[in-house]
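One structure is given below, encoded as structure tokens.
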Amino acid sequence: MQLHIKTDESFIAPYRFSNSPEALARFPFPFPEDSYMYSVNLEPHVRVGQGVFANAFDIDEHYVGECGDRARALAAQPGVHYVSLPHMMQAQWDVLELIMESYARDFPQAFELRKQGARWTWVNRLLGLEDCFTFGDPASLPMEPFEYISRQAQGDWVLLEERDQTLYIGAGMTTERADYSIRFDLGMSWHEFHGPVPLAHELGVFDKALKFMLRLRTNHPVRRLNWTTTVFPRLETSAETLPDWGPNRTMVTPENAGQTVHLRVELQPLHRLPRSNAIVFPIRTYLAPLAELVRHPDWGRRLHRVMRSLHQDLIDYKGMTRYHAAMVQHLSQFDTGA
Amino acid sequence: MSTDTAVGLIPVTVTAIDDVTPDIRVLRLSPEDGHYLPGFSGGSHITVGIDLDAETHLRNAYSLMSSPYDTSHYEIAVRRVEGGRGGSRFIHTLRAGDRLGISSPVNLFPIQIHGKLHIFIAGGIGITPLFPQLEELERAGAAFEAHVSCRHPEDAALAHRLAQRFGSNVHVRHTSQSGRQNFGSVLARRPLGSHVYICGPAAMIAEVRATACALGWSGSHVHYEEFVEQKTGKAFDLKLARSGITLRVPAQVSPLEVLEANGIAIPYLCRGGACGQCETRVLQSDSALEHNDVWLSDETKARNSHFMPCISRADGGMLIVDL
């Protein structure tokens with residue numbers, strides 16, 4: 001894929017964000033039918049086509065803007081967005097290796113990894129970096145290996161540790177999180193950190209998904225899509241910064257919903273990590289305003305039907321309570337009834 | 001890195017053979033030129049594809065014993081089993097330069113990284129996963145000790161290698177000379193946060209577990225990996241009710257191996273009847289089922305409502321399953 005990276009984006013006010021026609025064409029629209037409910041929607045992460053499934057970890061035209069927004073958020077609130085428990089160091093090196101090898105293989109024009117034994121050189125042409133370090137030696141990098149590589153990797157990254165037949169959150173780089181706190185969730189088990197999700201527990205989704213996750217094998221990643229909505233193209237919607245972005249929910253009207261409401265799709269390609277036996281849970285977020293999505297006629301109609309029929313518990317959980325009616329009213333004009 | 005496909009295998013070449021005892025052979029398996037094998041953690045195993053003849057495709061599981069920090073090759077140790085299915089005898093005929101297919105590693109026997117003291121009790125060929133496990137612990141600066149039982153001094157070559165590599169933390173006992181290991185003395189009066197790992201024959205696992213239980217150890221701190229010998233049986237027909245296919249299961253091949261050889265992928269991990277992944281519903285059988293697994297409850301086995309195709313089979317006739 002030819003990468004045309006935008007260099008002047010802003011994911012906080014004043015916002016500067018849009019998708020090119022090429023980016024919109026590969027947008028991972030998450031609704032295969034006219035209604036939505038939770039399911040164990042995991043499938044093998046087989047690389048296919050030219051879209052977002054073409055690579056192990058996708059990057060796109062927003063790469064530089066997102067890395068910049070991550071650096072901004074980390075500087076603004078140290079200790080809030082990046083956390084790691086001391087015993088996760090092996091998993092940190094595992095994920096550094098996985099991201100570097102994947103990026104260098106899948107985007108050779110942008111990244112290069114040279115190895116001489118444990119002495120590695122990493123070249124990131126998009127951010128203008130070239131660093132030499134010793135694999136396995138934290139002192140050879142300017143920061144912890146997971147922070148180092150995830151500052152250069154699009155999307156959020158959570159590391160799950162396997163212990164006692166369940167998974168615990170052991171580390172996270174989460175400047176793009178959809179209304180939770182990684183500090184609060186750190187050390188929680190699978191069922192604990194999924195505790196707030198409505199309806200899915202009763203459906204048995206988390207029991208089944210955990211069973212599936214525990215049998216995840218090295219070299220056999222799986223993926224799933226998740227979604228929510230956000231007002232304005234704001235990636236960093238942390239629980240900690242709710243006062244900064246929560247009031248935006250009151251500004252949506254049927255007239256402006258096409259510009260203000262953004263569909264937020266999370267591509268999650270889960271990989272078993274080889275030496276630590278941990279699992280990396282990437283959350284690669286794709287944003288698009290409704291006005292861009294409805295240019296695809298099938299998407300406009302389907303968005304209206306999905307949103308109109310959405311269960312009230314999901315409307316509340318996904319934070320849409322204040323503007324759901326305005327959004328549905330806006331979308332109705334794109335549902336021709338066919 | 002070399003990768004495998006959904007049911008396919010990673011191609012490797014046997015690049016070194018070391019017959020450490022008359023019965024135990026260590027093989028070095030190397031990837032294609034310029035590639036590395038997948039990284040792994042101590043305690044992982046791979047499965048090796050063994051094609052005895054045109055109809056007989058076996059998959060045997062072996063623990064990795066090479067360093068997790070060098071994936072330019074793997075090492076496995078294979079004990080020759082007389083009268084088995086022939087997989088280990090086949091491996092003992094291999095020569096340097098021969099090619100094999102292997103699966104990606106899976107770890108069902110991982111180190112508990114929060115442990116304060118790691119005690120290993122191993123017997124026979126069960127010693128192999130200890131090599132990478134102790135290396136991980138040594139690197140992490142964790143406290144560990146290993147108690148290895150060998151019947152005769154001539155069987156102890158691998159145990160002595162382990163002792164050479166990891167020093168006085170490794171205790172080797174020749175049971176024909178010194179008598180059996182007293183597991184009670186190994187397990188008694190251990191500090192909180194100790195974990196014990198048992199790797200050896202089923203009788204040893206059962207005895208150590210019972211001893212630990214009697215001494216008040218919590219089950220969550222007792223870990224074991226059972227190596228079950230694949231048994232041969234009678235050939236039978238396996239009918240897949242949903243797809244309407246009938247497959248012949250030869251005497252020395254497991255039903256799981258027959259499914260895989262025909263491109264039918266079902267979940268599996270341990271291939272030894274312990275992990276539960278391949279549990280399959282039985283619809284009908286006109287012969288007795290041989291349940292060789294430790295996963296299903298005795299009631300389920302008596303009802304014959306399910307079976308584990310990795311290790312169990314029908315005693316001839318036709319078995320109809322929900323696949």
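Letters A, B, ... mark the chains of the structure tokens in the order given; residue numbers begin at 1 per chain; ligand numbers begin at 1, in order shown.
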
Per-residue DSSP, region 57-287 of chain B, filtered to strand (DSSP E), as a ChimeraX atom specification: /B:57-63,74-79,99-102,106-107,117-123,143-150,170-174,194-200,222-226,236-240,245-249,280-285

Distance-based interface of chain A with chain B, 12 Å, counting only C-alpha atoms, as a PyMOL selection string: chain A and resi 44-47+85-91+93-95+97-98+101-102+105+117-118+135-137+161-165+211-212+214-222+272-278

Using the selection just defined, write its residues with C-alpha atoms as an mmCIF file, in the first residue's frame.
data_model
loop_
_atom_site.group_PDB
_atom_site.id
_atom_site.type_symbol
_atom_site.label_atom_id
_atom_site.label_comp_id
_atom_site.auth_asym_id
_atom_site.auth_seq_id
_atom_site.Cartn_x
_atom_site.Cartn_y
_atom_site.Cartn_z
ATOM 1 C CA PRO A 44 -8.612 -15.868 12.671
ATOM 2 C CA HIS A 45 -6.536 -12.768 11.903
ATOM 3 C CA VAL A 46 -5.701 -13.885 8.376
ATOM 4 C CA ARG A 47 -4.085 -11.198 6.272
ATOM 5 C CA LEU A 85 3.479 -3.734 36.464
ATOM 6 C CA PRO A 86 7.071 -4.769 37.254
ATOM 7 C CA HIS A 87 6.672 -8.432 36.272
ATOM 8 C CA MET A 88 5.599 -7.520 32.711
ATOM 9 C CA MET A 89 9.105 -6.787 31.437
ATOM 10 C CA GLN A 90 9.362 -10.029 29.435
ATOM 11 C CA ALA A 91 6.008 -9.253 27.788
ATOM 12 C CA TRP A 93 10.173 -7.094 25.020
ATOM 13 C CA ASP A 94 7.861 -9.567 23.318
ATOM 14 C CA VAL A 95 5.529 -6.820 22.137
ATOM 15 C CA GLU A 97 9.724 -7.437 18.907
ATOM 16 C CA LEU A 98 6.293 -8.226 17.465
ATOM 17 C CA GLU A 101 9.046 -7.156 13.012
ATOM 18 C CA SER A 102 5.487 -6.636 11.774
ATOM 19 C CA ARG A 105 7.857 -6.540 7.135
ATOM 20 C CA GLY A 117 22.602 -10.801 17.450
ATOM 21 C CA ALA A 118 20.990 -8.924 20.324
ATOM 22 C CA PHE A 135 17.332 -6.487 22.883
ATOM 23 C CA GLY A 136 16.570 -7.536 26.455
ATOM 24 C CA ASP A 137 18.482 -4.673 28.113
ATOM 25 C CA GLU A 161 -1.022 -11.807 31.682
ATOM 26 C CA GLU A 162 -2.280 -15.414 31.922
ATOM 27 C CA ARG A 163 -2.541 -16.795 35.422
ATOM 28 C CA ASP A 164 -4.911 -19.215 37.207
ATOM 29 C CA GLN A 165 -6.951 -19.883 34.053
ATOM 30 C CA LYS A 211 -12.046 -19.866 26.798
ATOM 31 C CA PHE A 212 -11.170 -18.916 23.237
ATOM 32 C CA LEU A 214 -6.757 -18.963 26.633
ATOM 33 C CA ARG A 215 -6.195 -21.309 23.735
ATOM 34 C CA LEU A 216 -4.687 -18.558 21.572
ATOM 35 C CA ARG A 217 -1.426 -19.859 20.078
ATOM 36 C CA THR A 218 1.714 -18.087 18.980
ATOM 37 C CA ASN A 219 1.545 -17.334 15.240
ATOM 38 C CA HIS A 220 -2.229 -17.793 15.183
ATOM 39 C CA PRO A 221 -3.678 -14.353 15.999
ATOM 40 C CA VAL A 222 -7.403 -13.663 16.061
ATOM 41 C CA ARG A 272 -0.144 -14.621 21.946
ATOM 42 C CA LEU A 273 3.322 -13.417 22.901
ATOM 43 C CA PRO A 274 6.021 -16.072 22.654
ATOM 44 C CA ARG A 275 8.317 -15.853 25.710
ATOM 45 C CA SER A 276 6.052 -14.276 28.322
ATOM 46 C CA ASN A 277 2.996 -16.343 27.312
ATOM 47 C CA ALA A 278 1.089 -13.046 27.686
#

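The smallest atom-to-atom distance between Leu167 (chain A) and any of A:Ala54, A:Ile5, A:Ala209, A:Met320, using only C-alpha atoms, is found for A:Ala209.
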
All residues 9 Å or closer to Ile12 (chain A), only C-alpha atoms, same chain fewer than 5 positions away omitted, as JSON, numbers by chain: {"A": [69, 232, 233, 234, 235, 236]}

Selection near region 291-294 of chain B, 9 Å with only C-alpha atoms, sequence-local residues under 4 positions removed, as a list in words: Val228, Gln230, Lys231, Gly272, Gly273, Ala274, Cys275, Gly276, Lys301, Asn304, Phe307, Met308, Cys310, Ile311, Ser312, Arg313 and Ala314 of chain B

Taking a cut-off of 7 Å and counting only C-alpha atoms, can you build a table that, for each residue of region 48-150 of chain B near region 168-188 of chain B, reports the nearest atom pair and how far apart they are in Å (one decimal), sorted by chain then residue number, as a tab-separated table?
residue	atom	partner	partner_atom	distance
B:Phe144	CA	B:Asn169	CA	6.8
B:Glu145	CA	B:Asn169	CA	4.6
B:Ala146	CA	B:Val170	CA	4.7
B:His147	CA	B:His171	CA	4.9
B:Val148	CA	B:Val172	CA	4.9
B:Ser149	CA	B:Arg173	CA	4.9
B:Cys150	CA	B:His174	CA	4.9

All residues 10 Å or closer to Leu259 (chain B), only C-alpha atoms, same chain fewer than 3 positions away omitted, as a ChimeraX atom specification: /B:238,240,247-249,254-256,262-266,309-310

Filtered DSSP result for region 85-247 of chain A, state alpha helix (DSSP H), as an MDAnalysis selection string: chainID A and resid 89:106 145:150 182:185 190:193 205:214 242:245

Contacts of Gln268 (chain A) at 6 Å (only C-alpha atoms; same-chain gap of 6+ positions) as a ChimeraX atom specification: /A:223-224,282-283

Atomic separation - CA of Ala77 (chain B) relative to CA of Leu130 (chain B), Å: 12.0 Å

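Atom pair CA of Leu160 (chain A) / CA of Ile121 (chain B): separated by 29.1 Å.
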